[in-house]
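> This structure is in structure tokens; I'll ask about it shortly.
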Amino acid sequence: MQRLRVIAMLLAASLCGCTGSGIQLFTHPNPTSPNLTGKTVAVLPPMTIGVEQGISIMAAAALDSVFSAPLASIRFVPPREVVAQASLSDEQAAELSRRMGVHLPIVIEPKRLKTRLFVGDRVGETELDSKVDVTLQRDPMATKWLSPDSLPPELFGGIEADYALVTVGFSTYRQVTRTAALMAILPIGWEREVSADGPRCLFALYDVKTGVRIWDVIVGVGGLMRSDHATRYADRSIDPRIMPVVGAAYLLGGDFDIPFERALRPRSVD
Amino acid sequence: MNPRRSPRSPDPTRRLPAVRGLAVLVILLSLACQTRYRSAVSWPGDSVPLPTTIASAGIRQSASGTRDEAASALLVEKSGYPDVGPALSEEEVSKLLSDPARLAHAAGWRNELEKRIGYRHLVVGDLAQSRVEASKEWLALVLLGIPAVFVAFSIPIAHDRRSDVPHASLALRVIDLATGRIQSEFFAMMPARSARDGLSDHHVETALRAMGLVEAKR
């Protein structure tokens with residue numbers, strides 16, 4: 001019976017795929033963090049590429065929490081304050097979304113250069129459901145810019161800040177058609193599955209006065225999200241859709257625990 | 001006749017590994033022979049409690065930019081929400097389906113709309129075409145029977161990859177007009193023919209159930 005159980009486990013693992021308990025963040029390209037010490041960064045509400053808004057919905061909430069206070073001597077203006085301050089017409093808001101709707105690479109794989117950002121079951125005062133292991137992978141060879149080189153400064157709505165952080169949430173999907181063949185020769189069945197890649201966001205930093213881009217990066221969560229994962233994550237304290245925002249805050253401020261804790265804090269309901 | 005077994009006949013207990021191996025082979029074949037199409041990928045939205053008073057703004061056909069009357073009627077029927085879709089222009093529905101940034105900046109329009117229709121929360125849908133990266137794989141099932149151990153494993157071999165393969169997608173979301181926040185979203189990839197053939201009862205029921213807008217049927 002023991003042997004049968006082992007075989008069944010091997011079989012299940014090979015057919016269904018294994019999922020780890022850690023969170024693998026990755027960046028593309030491999031950005032050098034800008035020096036923002038003493039500067040003010042206005043964090044704009046997130047935009048979306050494509051029709052799915054789920055990642056941007058969660059990013060919007062995470063941006064408000066993570067950038068609610070300074071990080072490493074960088075002052076941030078969170079999205080809800082930006083919306084209150086900015087005088088942006090609907091046409092200008094639509095134009096900003098249109099310009100940022102760039103065609104992003106659909107397949108981005110996590111690369112080498114792994115850094116461990118966090119291990120533990122408690123972050124600050126917040127206790128996690130279980131031990132969490134967060135790593136960051138960077139591709140040392142990737143250098144290509146992904147966002148527009150510049151934006152008309154009027155699209156920032158006259159906000160009082162040195163820089164504007166633009167966030168664009170997007171999702172990519174993969175369809176895999178598998179033909180199972182016994183001993184690689186005899187076809188005996190097939191399956192077709194559509195899976196979502198882990199959530200990812202493009203972050204771009206623009207000079208508010210000149211509209212020139214000074215930094216950009218895609219931060220994503222590695223692995224595939226199948227339909228059953230959504231239900232599973234709903235019951236957990238860490239929704240993977242907040243993690244790109246935490247990763248971006250780490251790249252900008254150099255600290256992971258503070259933005260991670262802020263992102264996990266319960267939010268008030270309007 | 002000698003009732004005793006010949007000393008050369010096999011011991012029944014020695015046949016056990018072979019029987020087990022055969023059983024595993026049967027299980028493996030029955031698993032592999034299932035033909036499946038798993039396409040829906042749904043995400044719950046923000047985990048804030050959803051309101052009880054919601055109106056339906058209908059479902060838009062993204063390709064034409066017009067209201068899908070059949071799908072909108074289905075949404076009203078399955079949800080039981082009042083239909084305010086006819087009171088909205090195509091441009092307004094398009095704005096409702098825009099991203100969080102655009103919704104956030106449109107406070108004046110949202111307030112005016114809320115007053116006009118008399119509801120703070122709207123459910124609105126979009127039947128669109130989305131593209132996926134498609135690949136094909138041979139899944140080589142390898143069975144190795146060695147004494148006392150039976151090993152089965154699979155080796156995926158990719159042999160074709162294409163970009164931008166069209167699929168249909170359904171997005172259904174609840175929007176709070178007072179704050180501009182998208183409170184919940186259901187998103188599902190579906191076979192491309194769903195965009196042509198229209199939505200079924202099952203699609204709408206699944207979406208509403210996933211968002212917690214209707215109780216699951218028991």
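Letters A, B, ... mark the chains of the structure tokens in the order given; residue numbers begin at 1 per chain; ligand numbers begin at 1, in order shown.
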Considering only strand (DSSP E or B) as DSSP defines it on the backbone, what residues of region 63-171 of chain A qualify? List them as a VMD selection string.

chain A and resid 71 74 to 77 114 to 123 126 to 138 150 163 to 170

> Please provide the set of residues having any atom within 9 Å of Met243 (chain A), restricted to only C-alpha atoms, with same-chain residues fewer than 5 positions apart removed, written as a PyMOL selection string.

chain A and resi 23+25+59+62+199-200+219-221+238+248+260+263

> Keeping only C-alpha atoms, write the selected residues as a CSV table (one decimal), in the first residue's frame.


```
chain,number,residue,atom,x,y,z
A,23,ILE,CA,6.3,34.0,-3.3
A,25,LEU,CA,8.8,38.1,-7.3
A,59,ALA,CA,-2.9,47.4,-6.8
A,62,ALA,CA,-2.1,48.4,-2.1
A,199,PRO,CA,0.0,39.1,-11.5
A,200,ARG,CA,2.3,41.8,-12.8
A,219,VAL,CA,7.4,43.6,-11.2
A,220,GLY,CA,5.6,40.3,-11.3
A,221,VAL,CA,4.8,37.2,-9.3
A,238,ILE,CA,-1.5,37.5,1.2
A,248,ALA,CA,8.2,48.3,-6.5
A,260,PHE,CA,5.0,44.5,3.1
A,263,ALA,CA,0.2,46.2,2.3
```

> For CA of Glu185 (chain B) and CA of Pro86 (chain B), quote the distance in Å rounded to one decimal.

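Between CA of Glu185 (chain B) and CA of Pro86 (chain B) the gap works out to 22.2 Å.
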
> Neighbours of region 40-42 of chain A within 10 Å (only C-alpha atoms; same-chain residues fewer than 6 positions away dropped), as an MDAnalysis selection string?

chainID A and resid 67 70 73:79 81:82 156 159:166 205:208

> Selected residues, C-alpha atoms, written as a short mmCIF file (atom, residue, chain, number, x, y, z; two decimals), in the first residue's frame, please.


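Okay, selection.cif is ready:
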```
data_model
loop_
_atom_site.label_atom_id
_atom_site.label_comp_id
_atom_site.auth_asym_id
_atom_site.auth_seq_id
_atom_site.Cartn_x
_atom_site.Cartn_y
_atom_site.Cartn_z
CA PHE A 67 2.73 54.74 -0.03
CA PRO A 70 7.48 58.11 3.67
CA SER A 73 13.42 59.67 3.26
CA ILE A 74 11.23 59.64 0.15
CA ARG A 75 7.89 61.39 0.60
CA PHE A 76 4.97 59.82 -1.24
CA VAL A 77 1.58 61.25 -2.12
CA PRO A 78 -0.80 58.26 -2.19
CA PRO A 79 -3.34 57.88 -5.03
CA GLU A 81 -4.59 62.35 -2.28
CA VAL A 82 -3.41 62.65 -5.89
CA PHE A 156 -0.06 64.83 -14.36
CA ILE A 159 0.27 67.80 -8.84
CA GLU A 160 2.74 69.13 -6.28
CA ALA A 161 5.56 66.62 -6.54
CA ASP A 162 8.98 66.06 -8.10
CA TYR A 163 8.10 62.76 -9.72
CA ALA A 164 4.98 60.83 -10.70
CA LEU A 165 4.84 57.06 -10.30
CA VAL A 166 2.59 55.54 -12.94
CA LEU A 205 8.67 57.14 -12.83
CA TYR A 206 8.33 60.46 -14.66
CA ASP A 207 9.68 63.90 -13.90
CA VAL A 208 6.53 65.94 -13.25
#
```

> Residues at most 12 Å from Leu128 (chain A), counting only C-alpha atoms, excluding those fewer than 5 positions away in the same chain, as an MDAnalysis selection string?

chainID A and resid 119:123 133 236:239 260:261 264:265

> Please return, as a ChimeraX atom specification, all residues of region 64-205 of chain A that DSSP assigns to alpha helix (DSSP H) on the basis of the backbone.

/A:64-66,79-85,90-100

> Would you mind exporting N, CA and C atoms of the selected residues as a compact mmCIF listing (two decimals), in the first residue's frame?


```txt
# COMPACT_ATOMS: atom_id res chain seq x y z
N ASP A 64 -2.35 52.70 -2.07
CA ASP A 64 -2.80 53.62 -1.02
C ASP A 64 -2.20 53.27 0.34
N SER A 65 -2.08 51.96 0.62
CA SER A 65 -1.53 51.54 1.91
C SER A 65 -0.01 51.68 1.96
N VAL A 66 0.65 51.17 0.93
CA VAL A 66 2.12 51.10 0.94
C VAL A 66 2.74 52.49 0.90
N PRO A 79 -2.38 57.61 -3.96
CA PRO A 79 -3.34 57.88 -5.03
C PRO A 79 -4.58 58.66 -4.60
N ARG A 80 -5.13 58.35 -3.41
CA ARG A 80 -6.37 59.05 -3.04
C ARG A 80 -6.13 60.54 -2.85
N GLU A 81 -4.91 60.92 -2.40
CA GLU A 81 -4.59 62.35 -2.28
C GLU A 81 -4.30 62.96 -3.65
N VAL A 82 -3.69 62.16 -4.53
CA VAL A 82 -3.41 62.65 -5.89
C VAL A 82 -4.72 62.96 -6.60
N VAL A 83 -5.71 62.07 -6.45
CA VAL A 83 -7.02 62.28 -7.10
C VAL A 83 -7.66 63.56 -6.57
N ALA A 84 -7.51 63.80 -5.26
CA ALA A 84 -8.11 64.99 -4.66
C ALA A 84 -7.38 66.26 -5.13
N GLN A 85 -6.06 66.17 -5.33
CA GLN A 85 -5.27 67.36 -5.69
C GLN A 85 -5.26 67.65 -7.18
N ASP A 90 -11.51 64.29 -17.83
CA ASP A 90 -11.72 62.91 -18.24
C ASP A 90 -10.92 62.60 -19.50
N GLU A 91 -10.83 63.57 -20.40
CA GLU A 91 -10.08 63.37 -21.65
C GLU A 91 -8.59 63.16 -21.34
N GLN A 92 -8.08 63.95 -20.39
CA GLN A 92 -6.66 63.81 -20.03
C GLN A 92 -6.40 62.47 -19.36
N ALA A 93 -7.33 62.05 -18.49
CA ALA A 93 -7.17 60.75 -17.83
C ALA A 93 -7.20 59.63 -18.87
N ALA A 94 -8.11 59.76 -19.85
CA ALA A 94 -8.19 58.74 -20.91
C ALA A 94 -6.93 58.76 -21.76
N GLU A 95 -6.39 59.94 -22.00
CA GLU A 95 -5.18 60.06 -22.82
C GLU A 95 -3.97 59.42 -22.10
N LEU A 96 -3.91 59.63 -20.79
CA LEU A 96 -2.81 59.04 -20.01
C LEU A 96 -2.90 57.51 -20.07
N SER A 97 -4.13 56.98 -19.92
CA SER A 97 -4.31 55.52 -20.00
C SER A 97 -3.93 55.02 -21.39
N ARG A 98 -4.31 55.78 -22.42
CA ARG A 98 -4.03 55.34 -23.79
C ARG A 98 -2.52 55.32 -24.05
N ARG A 99 -1.82 56.36 -23.60
CA ARG A 99 -0.38 56.42 -23.84
C ARG A 99 0.37 55.33 -23.07
N MET A 100 -0.13 54.99 -21.89
CA MET A 100 0.56 53.96 -21.10
C MET A 100 0.17 52.54 -21.54
```

> I want to know what sits within 10 Å of Gly50 (chain A), based on only C-alpha atoms, with residues of the same chain fewer than 5 positions away left out; could you give that as a list in words?

Gly101, Gly169, Phe170, Ser171 and Thr172 of chain A; Ser98, Asp99, Ala128, Gln129, Ser130 and Arg131 of chain B

> Atoms to include: N, CA and C atoms. Write the selected residues as a PDB file, in the first residue's frame.


```
ATOM      1  N   GLY A 101      -0.833  52.454 -22.417  1.00  0.00           N
ATOM      2  CA  GLY A 101      -1.274  51.129 -22.884  1.00  0.00           C
ATOM      3  C   GLY A 101      -0.320  50.555 -23.904  1.00  0.00           C
ATOM      4  N   GLY A 169      -1.391  47.836 -14.355  1.00  0.00           N
ATOM      5  CA  GLY A 169      -1.576  46.417 -14.062  1.00  0.00           C
ATOM      6  C   GLY A 169      -1.940  45.668 -15.337  1.00  0.00           C
ATOM      7  N   PHE A 170      -1.440  44.495 -15.484  1.00  0.00           N
ATOM      8  CA  PHE A 170      -1.836  43.703 -16.653  1.00  0.00           C
ATOM      9  C   PHE A 170      -1.681  42.217 -16.340  1.00  0.00           C
ATOM     10  N   SER A 171      -2.383  41.441 -17.125  1.00  0.00           N
ATOM     11  CA  SER A 171      -2.295  39.995 -16.927  1.00  0.00           C
ATOM     12  C   SER A 171      -2.047  39.338 -18.278  1.00  0.00           C
ATOM     13  N   THR A 172      -1.398  38.232 -18.236  1.00  0.00           N
ATOM     14  CA  THR A 172      -1.158  37.474 -19.461  1.00  0.00           C
ATOM     15  C   THR A 172      -1.651  36.046 -19.249  1.00  0.00           C
TER      16      THR A 172
ATOM     17  N   SER B  98     -13.843  51.395 -17.838  1.00  0.00           N
ATOM     18  CA  SER B  98     -12.447  51.847 -17.945  1.00  0.00           C
ATOM     19  C   SER B  98     -11.672  51.494 -16.674  1.00  0.00           C
ATOM     20  N   ASP B  99     -10.408  51.892 -16.646  1.00  0.00           N
ATOM     21  CA  ASP B  99      -9.538  51.455 -15.538  1.00  0.00           C
ATOM     22  C   ASP B  99      -9.745  52.297 -14.268  1.00  0.00           C
ATOM     23  N   ALA B 128     -15.621  40.456 -24.344  1.00  0.00           N
ATOM     24  CA  ALA B 128     -14.569  40.975 -25.212  1.00  0.00           C
ATOM     25  C   ALA B 128     -13.753  39.845 -25.831  1.00  0.00           C
ATOM     26  N   GLN B 129     -12.822  40.250 -26.651  1.00  0.00           N
ATOM     27  CA  GLN B 129     -11.886  39.276 -27.192  1.00  0.00           C
ATOM     28  C   GLN B 129     -10.540  39.520 -26.535  1.00  0.00           C
ATOM     29  N   SER B 130      -9.963  38.489 -25.955  1.00  0.00           N
ATOM     30  CA  SER B 130      -8.649  38.612 -25.345  1.00  0.00           C
ATOM     31  C   SER B 130      -7.716  37.613 -26.011  1.00  0.00           C
ATOM     32  N   ARG B 131      -6.454  37.889 -25.938  1.00  0.00           N
ATOM     33  CA  ARG B 131      -5.495  37.027 -26.639  1.00  0.00           C
ATOM     34  C   ARG B 131      -4.592  36.301 -25.650  1.00  0.00           C
TER      35      ARG B 131
END
```

> Figure out the distance between CA of Phe153 (chain B) and CA of Arg192 (chain A), please, to one decimal in Å.

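Taking CA of Arg192 (chain A) as the start and CA of Phe153 (chain B) as the end point, the length is 19.5 Å.
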
> How many Å separate CA of Val165 (chain B) from CA of Glu52 (chain A)?

16.8 Å

> Within 10 Å of Ala57 (chain B), counting only C-alpha atoms, which residues show up once you throw out same-chain ones fewer than 3 positions away? Write them as an NGL selection string, please.

:B and (54 or 60 or 67 or 72 or 75-76 or 81-88 or 92-93 or 96 or 121-125 or 174)

> Using only C-alpha atoms, can you tell me which of A:Pro244, A:Pro45, A:Pro31, A:Gly158 comes closest to chain B?

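Among the listed residues, the smallest separation from chain B belongs to A:Pro45.
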
> Rank nothing, just name the residue among B:Leu199, B:Ala158, B:Ala140, B:Ile117 nearest to Ile188 (chain A), using only C-alpha atoms.

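Between B:Leu199, B:Ala158, B:Ala140, B:Ile117, the residue approaching Ile188 (chain A) most closely is B:Ala140.
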
> I'd like to know which of A:Pro240, A:Gly223, A:Pro153, A:Pro34 is closest to chain B, using only C-alpha atoms.

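Among the listed residues, the smallest separation from chain B belongs to A:Pro240.
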
> Taking only C-alpha atoms into account, which of A:Ala86, A:Leu146, A:Leu251, A:Leu71 comes nearest chain B?

A:Ala86
